[in-house]
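protein_28.cif follows; it contains mmCIF, C-alpha atoms.
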```cif
data_input
#
loop_
_atom_site.label_atom_id
_atom_site.label_comp_id
_atom_site.auth_asym_id
_atom_site.auth_seq_id
_atom_site.Cartn_x
_atom_site.Cartn_y
_atom_site.Cartn_z
CA MET R 669 -3.37 37.41 -23.25
CA SER R 670 -2.41 34.63 -20.87
CA ASP R 671 1.06 33.10 -20.70
CA VAL R 672 -0.45 29.78 -19.61
CA LYS R 673 0.38 27.05 -22.11
CA PRO R 674 -2.49 24.83 -23.33
CA VAL R 675 -0.21 21.80 -22.86
CA PRO R 676 1.93 22.24 -19.73
CA ASP R 677 5.68 21.80 -19.84
CA ASP R 678 6.77 18.17 -19.31
CA TYR R 679 3.50 16.80 -20.73
CA THR R 680 2.39 15.68 -24.16
CA ALA R 681 -0.91 16.37 -25.89
CA ILE R 682 -1.85 12.72 -25.31
CA THR R 683 -1.02 11.27 -21.91
CA PRO R 684 -2.04 7.73 -20.90
CA TYR R 685 -4.15 7.52 -17.74
CA LEU R 686 -4.24 4.12 -16.05
CA VAL R 687 -6.98 3.15 -13.60
CA ALA R 688 -6.14 0.28 -11.26
CA GLU R 689 -7.81 -1.52 -8.37
CA ASP R 690 -4.47 -1.38 -6.53
CA ALA R 691 -2.80 1.82 -7.78
CA PRO R 692 -0.05 1.81 -5.11
CA ARG R 693 0.97 -1.69 -6.30
CA LEU R 694 0.93 -0.48 -9.91
CA LEU R 695 3.15 2.49 -8.98
CA ASP R 696 5.64 0.08 -7.38
CA PHE R 697 5.55 -2.15 -10.47
CA LEU R 698 6.11 0.76 -12.86
CA ALA R 699 9.15 1.85 -10.84
CA ASN R 700 10.62 -1.65 -10.51
CA GLY R 701 9.54 -3.02 -13.89
CA PHE R 702 10.15 -0.05 -16.19
CA GLY R 703 12.26 2.37 -14.15
CA ALA R 704 9.42 4.88 -13.81
CA VAL R 705 10.20 8.02 -11.84
CA GLU R 706 7.34 9.18 -9.66
CA ARG R 707 6.47 12.83 -10.29
CA MET R 708 3.59 13.14 -7.83
CA ARG R 709 1.21 11.11 -5.67
CA LEU R 710 -2.01 12.30 -4.04
CA PRO R 711 -3.02 9.56 -1.58
CA MET R 712 -6.49 9.23 -0.12
CA PRO R 713 -6.99 8.57 3.63
CA ASP R 714 -7.79 4.89 2.85
CA GLY R 715 -4.43 4.42 1.05
CA SER R 716 -5.88 4.53 -2.46
CA ILE R 717 -4.52 7.02 -4.98
CA ALA R 718 -6.62 10.01 -6.02
CA HIS R 719 -4.05 10.88 -8.70
CA ALA R 720 -0.43 10.05 -9.40
CA GLU R 721 2.02 10.72 -12.19
CA VAL R 722 5.17 8.90 -13.27
CA GLU R 723 7.61 9.39 -16.10
CA ILE R 724 9.10 6.61 -18.19
CA GLY R 725 11.76 7.55 -20.72
CA GLY R 726 10.62 11.16 -20.68
CA ALA R 727 6.94 10.29 -21.24
CA PRO R 728 4.36 11.05 -18.55
CA ILE R 729 1.77 8.52 -17.41
CA MET R 730 -1.06 9.44 -15.05
CA LEU R 731 -2.90 6.95 -12.89
CA GLY R 732 -5.35 6.60 -10.08
CA SER R 733 -7.25 4.09 -8.01
CA ALA R 734 -10.48 2.67 -9.33
CA SER R 735 -13.61 4.02 -7.71
CA PRO R 736 -16.57 2.15 -9.20
CA PRO R 737 -19.06 2.80 -10.62
CA ASP R 738 -17.89 6.20 -11.88
CA PHE R 739 -14.21 5.31 -12.25
CA PRO R 740 -13.90 1.53 -12.85
CA PRO R 741 -10.58 -0.24 -13.43
CA LEU R 742 -9.69 -0.24 -17.12
CA ALA R 743 -7.16 -2.24 -19.12
CA ALA R 744 -5.00 -0.26 -21.53
CA GLN R 745 -2.38 -1.10 -24.17
CA ILE R 746 0.84 0.89 -24.04
CA HIS R 747 3.76 0.70 -26.47
CA LEU R 748 7.08 1.42 -24.74
CA TYR R 749 10.29 1.97 -26.72
CA VAL R 750 13.45 1.15 -24.75
CA GLU R 751 17.19 0.78 -25.41
CA ASP R 752 17.25 -2.98 -24.67
CA VAL R 753 13.95 -4.83 -24.97
CA ASP R 754 15.43 -8.10 -23.69
CA ALA R 755 16.72 -6.51 -20.47
CA VAL R 756 13.52 -4.52 -19.81
CA TYR R 757 11.34 -7.56 -20.51
CA ALA R 758 13.35 -9.59 -17.96
CA GLN R 759 13.19 -6.70 -15.48
CA ALA R 760 9.41 -6.36 -15.89
CA VAL R 761 8.83 -10.09 -15.43
CA SER R 762 11.10 -10.06 -12.38
CA ALA R 763 9.05 -7.17 -10.97
CA GLY R 764 5.80 -9.14 -11.31
CA ALA R 765 4.64 -8.75 -14.90
CA THR R 766 2.93 -11.71 -16.55
CA PRO R 767 4.83 -12.73 -19.70
CA VAL R 768 2.73 -12.75 -22.86
CA ALA R 769 5.37 -12.92 -25.62
CA GLU R 770 9.15 -13.12 -25.29
CA PRO R 771 11.29 -10.66 -27.29
CA GLU R 772 11.26 -11.41 -31.01
CA ASP R 773 12.43 -9.53 -34.11
CA GLN R 774 9.55 -8.30 -36.29
CA PHE R 775 9.53 -7.65 -40.04
CA TYR R 776 8.67 -3.97 -39.56
CA GLY R 777 11.95 -3.21 -37.80
CA ASP R 778 11.20 -3.60 -34.09
CA ARG R 779 12.18 -6.28 -31.60
CA ILE R 780 9.11 -6.64 -29.38
CA ALA R 781 8.02 -8.42 -26.21
CA ARG R 782 4.66 -8.23 -24.47
CA VAL R 783 3.65 -8.40 -20.80
CA LEU R 784 0.69 -7.72 -18.55
CA ASP R 785 1.37 -5.46 -15.58
CA THR R 786 0.00 -6.00 -12.08
CA ALA R 787 -3.22 -4.15 -12.99
CA GLY R 788 -3.85 -6.11 -16.21
CA ASN R 789 -2.58 -3.46 -18.63
CA HIS R 790 -0.95 -4.73 -21.81
CA TRP R 791 2.57 -3.47 -22.52
CA SER R 792 4.40 -3.89 -25.82
CA ILE R 793 8.08 -3.35 -25.02
CA ALA R 794 10.14 -2.60 -28.13
CA THR R 795 13.57 -1.68 -29.40
CA HIS R 796 13.75 -0.31 -32.93
CA ILE R 797 16.40 -2.40 -34.73
CA ALA R 798 15.95 -1.58 -38.44
CA ASP R 799 14.45 1.14 -40.61
CA VAL R 800 11.98 -0.55 -42.98
CA SER R 801 10.26 1.56 -45.64
CA ALA R 802 6.51 1.43 -46.25
CA ASP R 803 7.21 -0.18 -49.66
CA GLU R 804 9.37 -2.89 -48.06
CA MET R 805 6.67 -3.56 -45.45
CA ALA R 806 4.02 -3.81 -48.17
CA GLN R 807 6.17 -6.33 -50.08
CA ILE R 808 6.73 -8.40 -46.95
CA MET R 809 3.02 -8.34 -46.10
CA GLU R 810 2.18 -9.41 -49.65
CA SER R 811 4.64 -12.30 -49.52
CA MET R 812 3.22 -13.39 -46.14
CA GLY R 813 -0.22 -13.72 -47.74
CA GLU R 814 1.19 -15.95 -50.48
CA GLY R 815 2.24 -18.72 -48.09
#
```
Could I get this file's structure written as structure tokens?
Amino acid sequence: MSDVKPVPDDYTAITPYLVAEDAPRLLDFLANGFGAVERMRLPMPDGSIAHAEVEIGGAPIMLGSASPPDFPPLAAQIHLYVEDVDAVYAQAVSAGATPVAEPEDQFYGDRIARVLDTAGNHWSIATHIADVSADEMAQIMESMGEG
């Protein structure tokens, strides 16, 4: 019997993998925009990235450079919970993100903002501000349909 774990330590069963035309630029953005800590980087001789890993808030994200046609750039949507959505939104925009939606309180208990990163990935940045039950959400949704 092997002692090798099916999911390695410091990883989750589902790990986002971003593919970017300019992966080094995306790595810089993730560090400056979201405080990502680089765990590893395997550069290619041409400066592209064969594989890299960062960690944001304890969650791993893998990424690499696009290599069409087998590995084309892809846009992803990532939901990122943070302590202060307003501050992280401002930090991300300052680091080069394209603003999509400024921070706003939502009926389901999160304050959310949205940005596009330098590779075109969609990020929902959120701070949980209230616990709202499924019943309360259903009532709110029902009342929204009555307007």
Output of the PyMOL selection byres ((chain R and resi 742) around 10), listed as an MDAnalysis selection string: chainID R and resid 685:689 734 739:741 743:744 787:789
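With all atoms listed in the file as the atoms that count, the residue of R:Leu694, R:Ala794, R:Met712, R:Val705 with the shortest distance to Gly726 in chain R is R:Val705.
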CA of Glu804 in chain R to CA of Arg779 in chain R, distance in Å rounded to a single decimal: 17.0 Å
Could you spell out the hits of the PyMOL selection byres ((chain R and resi 714-717) around 12) on the shown file, as a PDB file with C-alpha atoms, in the frame of the given file?
```
ATOM      1  CA  LEU R 686      -4.240   4.120 -16.050  1.00  0.00           C
ATOM      2  CA  VAL R 687      -6.980   3.150 -13.600  1.00  0.00           C
ATOM      3  CA  ALA R 688      -6.140   0.280 -11.260  1.00  0.00           C
ATOM      4  CA  GLU R 689      -7.810  -1.520  -8.370  1.00  0.00           C
ATOM      5  CA  ASP R 690      -4.470  -1.380  -6.530  1.00  0.00           C
ATOM      6  CA  ALA R 691      -2.800   1.820  -7.780  1.00  0.00           C
ATOM      7  CA  PRO R 692      -0.050   1.810  -5.110  1.00  0.00           C
ATOM      8  CA  ARG R 693       0.970  -1.690  -6.300  1.00  0.00           C
ATOM      9  CA  LEU R 694       0.930  -0.480  -9.910  1.00  0.00           C
ATOM     10  CA  LEU R 695       3.150   2.490  -8.980  1.00  0.00           C
ATOM     11  CA  MET R 708       3.590  13.140  -7.830  1.00  0.00           C
ATOM     12  CA  ARG R 709       1.210  11.110  -5.670  1.00  0.00           C
ATOM     13  CA  LEU R 710      -2.010  12.300  -4.040  1.00  0.00           C
ATOM     14  CA  PRO R 711      -3.020   9.560  -1.580  1.00  0.00           C
ATOM     15  CA  MET R 712      -6.490   9.230  -0.120  1.00  0.00           C
ATOM     16  CA  PRO R 713      -6.990   8.570   3.630  1.00  0.00           C
ATOM     17  CA  ALA R 718      -6.620  10.010  -6.020  1.00  0.00           C
ATOM     18  CA  HIS R 719      -4.050  10.880  -8.700  1.00  0.00           C
ATOM     19  CA  ALA R 720      -0.430  10.050  -9.400  1.00  0.00           C
ATOM     20  CA  GLU R 721       2.020  10.720 -12.190  1.00  0.00           C
ATOM     21  CA  MET R 730      -1.060   9.440 -15.050  1.00  0.00           C
ATOM     22  CA  LEU R 731      -2.900   6.950 -12.890  1.00  0.00           C
ATOM     23  CA  GLY R 732      -5.350   6.600 -10.080  1.00  0.00           C
ATOM     24  CA  SER R 733      -7.250   4.090  -8.010  1.00  0.00           C
ATOM     25  CA  ALA R 734     -10.480   2.670  -9.330  1.00  0.00           C
ATOM     26  CA  SER R 735     -13.610   4.020  -7.710  1.00  0.00           C
TER      27      SER R 735
END
```
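Ranking R:Ala681, R:Ala699, R:Thr795, R:Asp752 by their shortest atom-to-atom distance to Gln774 in chain R, with all atoms listed in the file included, puts R:Thr795 first.
Using all atoms listed in the file, the smallest distance between any of R:Ala798, R:Ile724, R:Ile746, R:Leu698 and Ser762 in chain R comes from R:Leu698.
Using only C-alpha atoms for every distance, the candidate list R:Trp791, R:Tyr679, R:Phe775, R:Phe697 yields R:Phe697 as the residue closest to Ala763 in chain R.
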Distance in Å - CA of Asn700 in chain R versus CA of Ile729 in chain R: 15.1 Å
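One finds CA of Leu784 in chain R at 10.8 Å from CA of Tyr757 in chain R.
Closest approach to Glu751 in chain R from the set R:Val675, R:Ile793, R:Ala727, R:Ala769 is made by R:Ile793, with distances taken over all atoms listed in the file.
Residues with any atom within 10 Å of the point (15.3, 1.8, -41.1), counting all atoms listed in the file, are R:Tyr776, R:Gly777, R:Asp778, R:His796, R:Ile797, R:Ala798, R:Asp799, R:Val800, R:Ser801.
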Residues matched by the PyMOL selection byres ((chain R and resi 764) around 8), written as a PyMOL selection string: chain R and resi 697+701+760-763+765-766+785-786
